$ cat final.tsv   # TSV, C-alpha atoms
chain	number	residue	atom	x	y	z
A	1	MET	CA	-15.13	10.43	-131.60
A	2	THR	CA	-11.39	10.32	-132.27
A	3	MET	CA	-9.41	8.09	-129.96
A	4	LYS	CA	-6.02	9.39	-128.87
A	5	THR	CA	-3.14	6.92	-128.83
A	6	VAL	CA	-1.53	6.99	-125.40
A	7	PHE	CA	0.65	3.90	-125.65
A	8	GLN	CA	1.99	1.87	-128.53
A	9	LYS	CA	4.67	-0.64	-129.40
A	10	THR	CA	8.06	0.84	-130.15
A	11	LYS	CA	9.28	0.83	-133.73
A	12	GLY	CA	12.60	-0.31	-132.30
A	13	LEU	CA	11.29	-3.88	-132.10
A	14	THR	CA	9.99	-6.18	-134.82
A	15	ASP	CA	6.54	-7.81	-134.67
A	16	LYS	CA	7.99	-11.27	-133.96
A	17	PRO	CA	6.86	-12.71	-130.59
A	18	THR	CA	9.79	-13.35	-128.24
A	19	HIS	CA	10.66	-16.82	-126.94
A	20	TYR	CA	11.39	-15.78	-123.35
A	21	CYS	CA	9.86	-17.52	-120.34
A	22	PRO	CA	6.94	-15.85	-118.51
A	23	GLY	CA	8.30	-13.36	-116.00
A	24	CYS	CA	11.72	-13.04	-117.65
A	25	THR	CA	12.65	-9.37	-117.98
A	26	HIS	CA	14.65	-9.77	-121.20
A	27	GLY	CA	11.52	-8.52	-122.96
A	28	VAL	CA	11.42	-5.39	-120.82
A	29	ILE	CA	15.09	-4.69	-121.54
A	30	HIS	CA	14.52	-5.25	-125.27
A	31	ARG	CA	11.75	-2.68	-125.21
A	32	LEU	CA	13.91	-0.13	-123.40
A	33	VAL	CA	16.69	-0.48	-125.98
A	34	GLY	CA	14.17	-0.29	-128.82
A	35	GLU	CA	12.55	2.82	-127.38
A	36	VAL	CA	15.90	4.56	-126.95
A	37	LEU	CA	16.97	3.79	-130.52
A	38	GLU	CA	13.63	5.06	-131.83
A	39	GLU	CA	13.58	8.20	-129.69
A	40	MET	CA	17.16	9.07	-130.66
A	41	ASP	CA	16.15	8.48	-134.29
A	42	ILE	CA	19.11	6.18	-134.90
A	43	LEU	CA	17.42	2.90	-135.85
A	44	GLU	CA	18.63	3.21	-139.44
A	45	ASP	CA	22.15	3.94	-138.23
A	46	THR	CA	22.51	1.16	-135.66
A	47	ILE	CA	24.11	-2.27	-135.84
A	48	GLY	CA	23.53	-4.71	-132.98
A	49	VAL	CA	25.51	-7.83	-132.15
A	50	ALA	CA	23.58	-10.78	-130.73
A	51	SER	CA	25.34	-13.05	-128.26
A	52	VAL	CA	24.83	-16.70	-127.34
A	53	GLY	CA	22.49	-17.50	-124.48
A	54	CYS	CA	18.82	-16.78	-123.84
A	55	SER	CA	19.22	-13.67	-126.02
A	56	VAL	CA	20.64	-15.65	-128.96
A	57	LEU	CA	17.60	-14.79	-131.10
A	58	SER	CA	17.67	-11.06	-130.34
A	59	TYR	CA	18.60	-10.42	-133.96
A	60	GLU	CA	14.99	-11.33	-134.75
A	61	TYR	CA	13.58	-8.85	-132.23
A	62	PHE	CA	15.53	-5.59	-132.64
A	63	ASN	CA	14.36	-3.60	-135.66
A	64	CYS	CA	17.83	-2.54	-136.77
A	65	ASP	CA	20.71	-4.20	-138.60
A	66	MET	CA	21.96	-7.14	-136.53
A	67	THR	CA	24.69	-9.76	-136.72
A	68	GLN	CA	25.40	-12.88	-134.67
A	69	ALA	CA	28.62	-13.54	-132.75
A	70	ALA	CA	30.09	-16.78	-131.44
A	71	HIS	CA	29.76	-17.43	-127.70
A	72	GLY	CA	31.45	-14.62	-125.77
A	73	ARG	CA	32.84	-12.89	-128.86
A	74	ALA	CA	30.27	-10.12	-129.28
A	75	PRO	CA	32.68	-7.35	-128.15
A	76	ALA	CA	35.27	-8.51	-130.70
A	77	VAL	CA	32.66	-8.57	-133.48
A	78	ALA	CA	31.37	-5.16	-132.39
A	79	THR	CA	34.93	-3.81	-132.42
A	80	GLY	CA	35.36	-4.90	-136.02
A	81	VAL	CA	31.99	-3.47	-137.08
A	82	LYS	CA	32.62	-0.12	-135.39
A	83	ARG	CA	36.10	0.25	-136.85
A	84	VAL	CA	34.84	-0.51	-140.34
A	85	ARG	CA	31.72	1.65	-139.91
A	86	PRO	CA	32.61	4.35	-137.36
A	87	ASP	CA	29.55	6.31	-138.50
A	88	ARG	CA	27.24	3.64	-137.06
A	89	PHE	CA	25.97	3.12	-133.52
A	90	VAL	CA	27.13	-0.35	-132.50
A	91	PHE	CA	25.90	-2.29	-129.49
A	92	THR	CA	26.14	-5.79	-128.05
A	93	TYR	CA	23.40	-7.52	-126.08
A	94	GLN	CA	24.90	-10.13	-123.74
A	95	GLY	CA	24.02	-12.27	-120.74
A	96	ASP	CA	26.25	-12.95	-117.75
A	97	GLY	CA	27.33	-16.41	-118.92
A	98	ASP	CA	28.30	-15.06	-122.33
A	99	LEU	CA	29.98	-11.87	-121.11
A	100	ALA	CA	31.41	-12.74	-117.70
A	101	SER	CA	32.53	-16.31	-118.35
A	102	ILE	CA	33.61	-17.38	-121.83
A	103	GLY	CA	33.69	-13.75	-122.98
A	104	ILE	CA	35.43	-12.15	-119.99
A	105	SER	CA	38.67	-11.57	-121.91
A	106	GLU	CA	36.79	-10.02	-124.83
A	107	ILE	CA	34.90	-7.53	-122.68
A	108	ILE	CA	37.93	-6.54	-120.60
A	109	HIS	CA	40.11	-5.80	-123.60
A	110	ALA	CA	37.37	-4.03	-125.57
A	111	ALA	CA	36.86	-1.80	-122.55
A	112	ALA	CA	40.58	-1.31	-121.99
A	113	ARG	CA	41.01	-0.24	-125.62
A	114	GLY	CA	38.21	2.25	-125.20
A	115	GLU	CA	36.26	0.83	-128.12
A	116	LYS	CA	33.43	3.23	-128.94
A	117	ILE	CA	30.67	0.64	-128.56
A	118	THR	CA	27.76	0.21	-126.15
A	119	VAL	CA	27.22	-3.01	-124.21
A	120	ILE	CA	23.88	-4.05	-122.73
A	121	PHE	CA	24.85	-6.60	-120.07
A	122	VAL	CA	21.96	-8.66	-118.66
A	123	ASN	CA	22.82	-10.19	-115.28
A	124	ASN	CA	20.42	-12.83	-113.91
A	125	ALA	CA	23.06	-14.65	-111.84
A	126	ILE	CA	22.68	-17.96	-113.69
A	127	TYR	CA	23.10	-19.71	-117.04
A	128	GLY	CA	19.58	-19.51	-118.42
A	129	MET	CA	19.53	-21.19	-121.83
A	130	THR	CA	21.60	-24.29	-121.05
A	131	GLY	CA	19.83	-25.52	-117.93
A	132	GLY	CA	20.54	-23.25	-114.99
A	133	GLN	CA	24.19	-23.90	-114.20
A	134	MET	CA	26.28	-21.65	-111.95
A	135	ALA	CA	27.47	-18.47	-113.65
A	136	PRO	CA	30.33	-16.15	-112.66
A	137	THR	CA	27.63	-13.87	-111.21
A	138	THR	CA	25.84	-16.56	-109.15
A	139	LEU	CA	25.46	-15.45	-105.53
A	140	ILE	CA	27.06	-17.14	-102.54
A	141	GLY	CA	24.64	-19.80	-101.32
A	142	GLN	CA	22.56	-19.71	-104.50
A	143	LYS	CA	21.44	-23.15	-105.67
A	144	THR	CA	21.92	-24.00	-109.35
A	145	ALA	CA	22.14	-27.16	-111.44
A	146	THR	CA	25.88	-27.33	-110.74
A	147	THR	CA	25.74	-26.02	-107.16
A	148	PRO	CA	22.82	-28.02	-105.71
A	149	PHE	CA	23.92	-27.17	-102.16
A	150	GLY	CA	24.52	-23.52	-102.96
A	151	ARG	CA	27.57	-21.69	-104.28
A	152	ASN	CA	30.44	-22.19	-101.84
A	153	GLU	CA	32.93	-19.35	-101.64
A	154	ASN	CA	35.73	-21.74	-100.66
A	155	ILE	CA	35.09	-23.98	-103.67
A	156	GLN	CA	33.64	-21.83	-106.46
A	157	GLY	CA	34.92	-18.44	-105.33
A	158	SER	CA	32.93	-15.22	-105.17
A	159	PRO	CA	30.71	-13.54	-107.78
A	160	ILE	CA	32.41	-11.29	-110.32
A	161	ARG	CA	31.23	-7.67	-110.17
A	162	VAL	CA	31.73	-6.68	-113.80
A	163	SER	CA	30.71	-3.02	-113.54
A	164	GLU	CA	33.11	-2.34	-110.69
A	165	MET	CA	35.93	-4.14	-112.51
A	166	LEU	CA	35.51	-2.40	-115.85
A	167	SER	CA	35.11	1.02	-114.25
A	168	THR	CA	38.78	0.87	-113.20
A	169	LEU	CA	39.96	0.80	-116.82
A	170	ASP	CA	41.02	4.02	-118.52
A	171	GLY	CA	39.15	3.19	-121.72
A	172	THR	CA	35.70	3.08	-120.12
A	173	ALA	CA	33.64	6.25	-120.42
A	174	TYR	CA	30.30	5.30	-118.90
A	175	ILE	CA	29.36	2.34	-116.67
A	176	GLU	CA	26.08	2.04	-114.77
A	177	ARG	CA	24.23	-0.80	-113.05
A	178	VAL	CA	20.44	-0.71	-113.07
A	179	SER	CA	17.59	-3.14	-112.39
A	180	THR	CA	14.19	-4.16	-113.74
A	181	HIS	CA	12.48	-5.31	-110.54
A	182	ASP	CA	9.96	-2.44	-110.40
A	183	VAL	CA	8.69	0.48	-112.48
A	184	PRO	CA	10.88	3.24	-110.95
A	185	ASN	CA	13.99	1.16	-111.63
A	186	ILE	CA	12.84	0.31	-115.15
A	187	LEU	CA	12.58	4.05	-115.86
A	188	LYS	CA	16.09	4.55	-114.47
A	189	ALA	CA	17.31	1.70	-116.67
A	190	LYS	CA	15.97	3.42	-119.77
A	191	LYS	CA	17.70	6.65	-118.80
A	192	ALA	CA	20.99	4.78	-118.36
A	193	ILE	CA	20.67	3.03	-121.73
A	194	ARG	CA	20.09	6.36	-123.45
A	195	LYS	CA	23.09	7.84	-121.65
A	196	ALA	CA	25.23	4.94	-122.88
A	197	PHE	CA	24.25	5.52	-126.51
A	198	GLU	CA	24.76	9.27	-126.12
A	199	THR	CA	28.24	8.53	-124.78
A	200	GLN	CA	28.94	6.58	-127.95
A	201	LYS	CA	27.51	9.39	-130.08
A	202	LYS	CA	30.00	11.80	-128.50
A	203	GLY	CA	32.88	9.39	-129.12
A	204	LEU	CA	33.93	9.35	-125.48
A	205	GLY	CA	34.84	5.66	-125.29
A	206	PHE	CA	33.41	2.35	-124.12
A	207	SER	CA	29.99	2.38	-122.44
A	208	MET	CA	28.10	-0.39	-120.65
A	209	VAL	CA	24.82	-0.72	-118.80
A	210	GLU	CA	24.52	-3.75	-116.52
A	211	VAL	CA	20.87	-4.68	-115.98
A	212	LEU	CA	19.83	-6.96	-113.12
A	213	SER	CA	17.23	-9.32	-114.55
A	214	THR	CA	15.05	-12.26	-113.51
A	215	CYS	CA	15.16	-15.98	-114.40
A	216	PRO	CA	11.97	-17.47	-112.87
A	217	THR	CA	12.36	-20.83	-114.60
A	218	ASN	CA	15.87	-21.64	-113.37
A	219	TRP	CA	15.40	-19.94	-110.02
A	220	GLY	CA	12.31	-22.08	-109.39
A	221	LEU	CA	10.18	-19.04	-108.55
A	222	ASP	CA	7.07	-17.44	-109.99
A	223	PRO	CA	7.38	-14.07	-111.79
A	224	GLN	CA	6.41	-11.94	-108.77
A	225	GLU	CA	8.72	-13.87	-106.44
A	226	SER	CA	11.53	-13.40	-108.97
A	227	LEU	CA	11.17	-9.63	-108.92
A	228	GLU	CA	11.31	-9.66	-105.12
A	229	TRP	CA	14.35	-11.98	-105.25
A	230	VAL	CA	16.23	-9.44	-107.37
A	231	ARG	CA	15.44	-6.68	-104.90
A	232	GLU	CA	16.18	-8.69	-101.77
A	233	ASN	CA	19.18	-10.75	-102.91
A	234	MET	CA	20.82	-9.34	-106.04
A	235	VAL	CA	20.76	-5.61	-105.34
A	236	PRO	CA	22.69	-5.93	-102.03
A	237	VAL	CA	25.44	-7.89	-103.83
A	238	TYR	CA	25.31	-5.79	-107.00
A	239	PRO	CA	24.64	-2.21	-105.82
A	240	LEU	CA	22.87	0.00	-108.33
A	241	GLY	CA	24.36	3.25	-109.56
A	242	VAL	CA	26.88	4.95	-111.84
A	243	TYR	CA	30.37	3.47	-111.61
A	244	LYS	CA	32.07	5.57	-114.29
A	245	ASN	CA	31.08	8.74	-116.08
A	246	LYS	CA	33.87	10.61	-117.84
A	247	GLU	CA	31.52	13.34	-118.99
A	248	GLY	CA	30.12	14.07	-115.57
A	249	GLY	CA	26.45	14.49	-114.65
A	250	ASN	CA	23.94	11.77	-115.46

$ encode --input "final.tsv" --output "structure tokens"
Amino acid sequence: MTMKTVFQKTKGLTDKPTHYCPGCTHGVIHRLVGEVLEEMDILEDTIGVASVGCSVLSYEYFNCDMTQAAHGRAPAVATGVKRVRPDRFVFTYQGDGDLASIGISEIIHAAARGEKITVIFVNNAIYGMTGGQMAPTTLIGQKTATTPFGRNENIQGSPIRVSEMLSTLDGTAYIERVSTHDVPNILKAKKAIRKAFETQKKGLGFSMVEVLSTCPTNWGLDPQESLEWVRENMVPVYPLGVYKNKEGGN
């Protein structure tokens, strides 16, 4: 009897086991990117830029050409790669500490210039790799290593909504915020990631998908509780949806 394959690992990822904590959805997001690159048949034509943070080793996981950038500088590195090799698909994979804090200037100006790159922005509202400090995306009242009594709006200010901010710039072509807290939203996230790469293929300008993700270890929750925390706490502050689409449709 011949067995039919109904599910298999994407060729967009290497065979190296990831280092992520149990319940972290970085692995899910990696798979979505890998699947999109495989399904679009562009693995051989893609160059990814790894950032600094929990995803610092992503160059070992994506099965395409990869390079490493200094903390926050992935958009600048991607700009250089894309301008030298405009025939390649170029993407960055960045967390909220990397992109929205030390790299905020890089991402704003890359978007303003309309650089034809794709950014996968993973937002888990905390610094994951370095011990759970407050990030620019940390919610009001959220406890972290540096806000043990909760983020105070009067002291630390309010969270930065990156998708909304970048969508106001003329150079952005496609901006969408998605989540990974359940299967329907994971499927929507994959659709958005594909749309972002298709936007780059058409040369329309800068594209970014912001993905709400979990951090069970630094949140002090188990994996299931973390998924519920995203739904109950992050989604109301970071509403899901398309924030910019020059081409129209979705």

$ residues_near_point --input "final.tsv" --point "(40.4, 3.4, -117.9)" --cutoff "10 Å" --atoms "all atoms listed in the file" --output "PyMOL selection string"
chain A and resi 111-114+166-173+205-206+244+246

$ write_last_selection --input "final.tsv" --atoms "C-alpha atoms" --output "short mmCIF file (atom, residue, chain, number, x, y, z; two decimals), in the frame of the given file"
data_model
loop_
_atom_site.label_atom_id
_atom_site.label_comp_id
_atom_site.auth_asym_id
_atom_site.auth_seq_id
_atom_site.Cartn_x
_atom_site.Cartn_y
_atom_site.Cartn_z
CA ALA A 111 36.86 -1.80 -122.55
CA ALA A 112 40.58 -1.31 -121.99
CA ARG A 113 41.01 -0.24 -125.62
CA GLY A 114 38.21 2.25 -125.20
CA LEU A 166 35.51 -2.40 -115.85
CA SER A 167 35.11 1.02 -114.25
CA THR A 168 38.78 0.87 -113.20
CA LEU A 169 39.96 0.80 -116.82
CA ASP A 170 41.02 4.02 -118.52
CA GLY A 171 39.15 3.19 -121.72
CA THR A 172 35.70 3.08 -120.12
CA ALA A 173 33.64 6.25 -120.42
CA GLY A 205 34.84 5.66 -125.29
CA PHE A 206 33.41 2.35 -124.12
CA LYS A 244 32.07 5.57 -114.29
CA LYS A 246 33.87 10.61 -117.84
#

$ atom_distance --input "final.tsv" --atom1 "CA of Val81 (chain A)" --atom2 "CA of Ser207 (chain A)"
15.9 Å

$ atom_distance --input "final.tsv" --atom1 "CA of Gly128 (chain A)" --atom2 "CA of Thr217 (chain A)"
8.3 Å

$ residues_around --input "final.tsv" --residues "Glu35 (chain A)" --least-positions-apart "6" --cutoff "9 Å" --atoms "only C-alpha atoms" --output "PDB file with C-alpha atoms, in the frame of the given file"
ATOM      1  CA  LYS A   9       4.670  -0.640-129.400  1.00  0.00           C
ATOM      2  CA  THR A  10       8.060   0.840-130.150  1.00  0.00           C
ATOM      3  CA  LYS A  11       9.280   0.830-133.730  1.00  0.00           C
ATOM      4  CA  GLY A  12      12.600  -0.310-132.300  1.00  0.00           C
ATOM      5  CA  LEU A  13      11.290  -3.880-132.100  1.00  0.00           C
ATOM      6  CA  LYS A 190      15.970   3.420-119.770  1.00  0.00           C
TER       7      LYS A 190
END

$ atom_distance --input "final.tsv" --atom1 "CA of Gly248 (chain A)" --atom2 "CA of Tyr174 (chain A)"
9.4 Å

$ closest_residue --input "final.tsv" --among "A:Ala100, A:Leu43, A:Val122, A:Met208" --to "Arg161 (chain A)" --atoms "all atoms listed in the file"
A:Ala100

$ closest_residue --input "final.tsv" --among "A:Cys21, A:Val162, A:Val33, A:Val49" --to "Asp65 (chain A)" --atoms "only C-alpha atoms"
A:Val49

$ closest_residue --input "final.tsv" --among "A:Asp45, A:Val211, A:Arg83, A:Lys4" --to "Lys188 (chain A)" --atoms "all atoms listed in the file"
A:Val211

$ build_atoms --input "final.tsv" --residues "region 131-142 of chain A" --atoms "N, CA and C atoms" --output "PDB file, in the frame of the given file"
ATOM      1  N   GLY A 131      20.313 -24.654-118.998  1.00  0.00           N
ATOM      2  CA  GLY A 131      19.830 -25.520-117.930  1.00  0.00           C
ATOM      3  C   GLY A 131      20.032 -25.035-116.516  1.00  0.00           C
ATOM      4  N   GLY A 132      20.463 -23.807-116.334  1.00  0.00           N
ATOM      5  CA  GLY A 132      20.540 -23.250-114.990  1.00  0.00           C
ATOM      6  C   GLY A 132      21.791 -23.592-114.208  1.00  0.00           C
ATOM      7  N   GLN A 133      22.930 -23.657-114.898  1.00  0.00           N
ATOM      8  CA  GLN A 133      24.190 -23.900-114.200  1.00  0.00           C
ATOM      9  C   GLN A 133      24.680 -22.626-113.501  1.00  0.00           C
ATOM     10  N   MET A 134      25.668 -22.789-112.622  1.00  0.00           N
ATOM     11  CA  MET A 134      26.280 -21.650-111.950  1.00  0.00           C
ATOM     12  C   MET A 134      26.964 -20.759-112.964  1.00  0.00           C
ATOM     13  N   ALA A 135      26.796 -19.463-112.810  1.00  0.00           N
ATOM     14  CA  ALA A 135      27.470 -18.470-113.650  1.00  0.00           C
ATOM     15  C   ALA A 135      28.498 -17.727-112.808  1.00  0.00           C
ATOM     16  N   PRO A 136      29.383 -16.940-113.437  1.00  0.00           N
ATOM     17  CA  PRO A 136      30.330 -16.150-112.660  1.00  0.00           C
ATOM     18  C   PRO A 136      29.645 -15.162-111.717  1.00  0.00           C
ATOM     19  N   THR A 137      28.383 -14.842-112.007  1.00  0.00           N
ATOM     20  CA  THR A 137      27.630 -13.870-111.210  1.00  0.00           C
ATOM     21  C   THR A 137      26.725 -14.521-110.168  1.00  0.00           C
ATOM     22  N   THR A 138      26.684 -15.848-110.119  1.00  0.00           N
ATOM     23  CA  THR A 138      25.840 -16.560-109.150  1.00  0.00           C
ATOM     24  C   THR A 138      26.216 -16.153-107.717  1.00  0.00           C
ATOM     25  N   LEU A 139      25.219 -15.936-106.883  1.00  0.00           N
ATOM     26  CA  LEU A 139      25.460 -15.450-105.530  1.00  0.00           C
ATOM     27  C   LEU A 139      25.951 -16.568-104.603  1.00  0.00           C
ATOM     28  N   ILE A 140      26.641 -16.177-103.552  1.00  0.00           N
ATOM     29  CA  ILE A 140      27.060 -17.140-102.540  1.00  0.00           C
ATOM     30  C   ILE A 140      25.813 -17.766-101.918  1.00  0.00           C
ATOM     31  N   GLY A 141      25.780 -19.091-101.870  1.00  0.00           N
ATOM     32  CA  GLY A 141      24.640 -19.800-101.320  1.00  0.00           C
ATOM     33  C   GLY A 141      23.533 -20.087-102.309  1.00  0.00           C
ATOM     34  N   GLN A 142      23.606 -19.507-103.506  1.00  0.00           N
ATOM     35  CA  GLN A 142      22.560 -19.710-104.500  1.00  0.00           C
ATOM     36  C   GLN A 142      22.637 -21.111-105.095  1.00  0.00           C
TER      37      GLN A 142
END
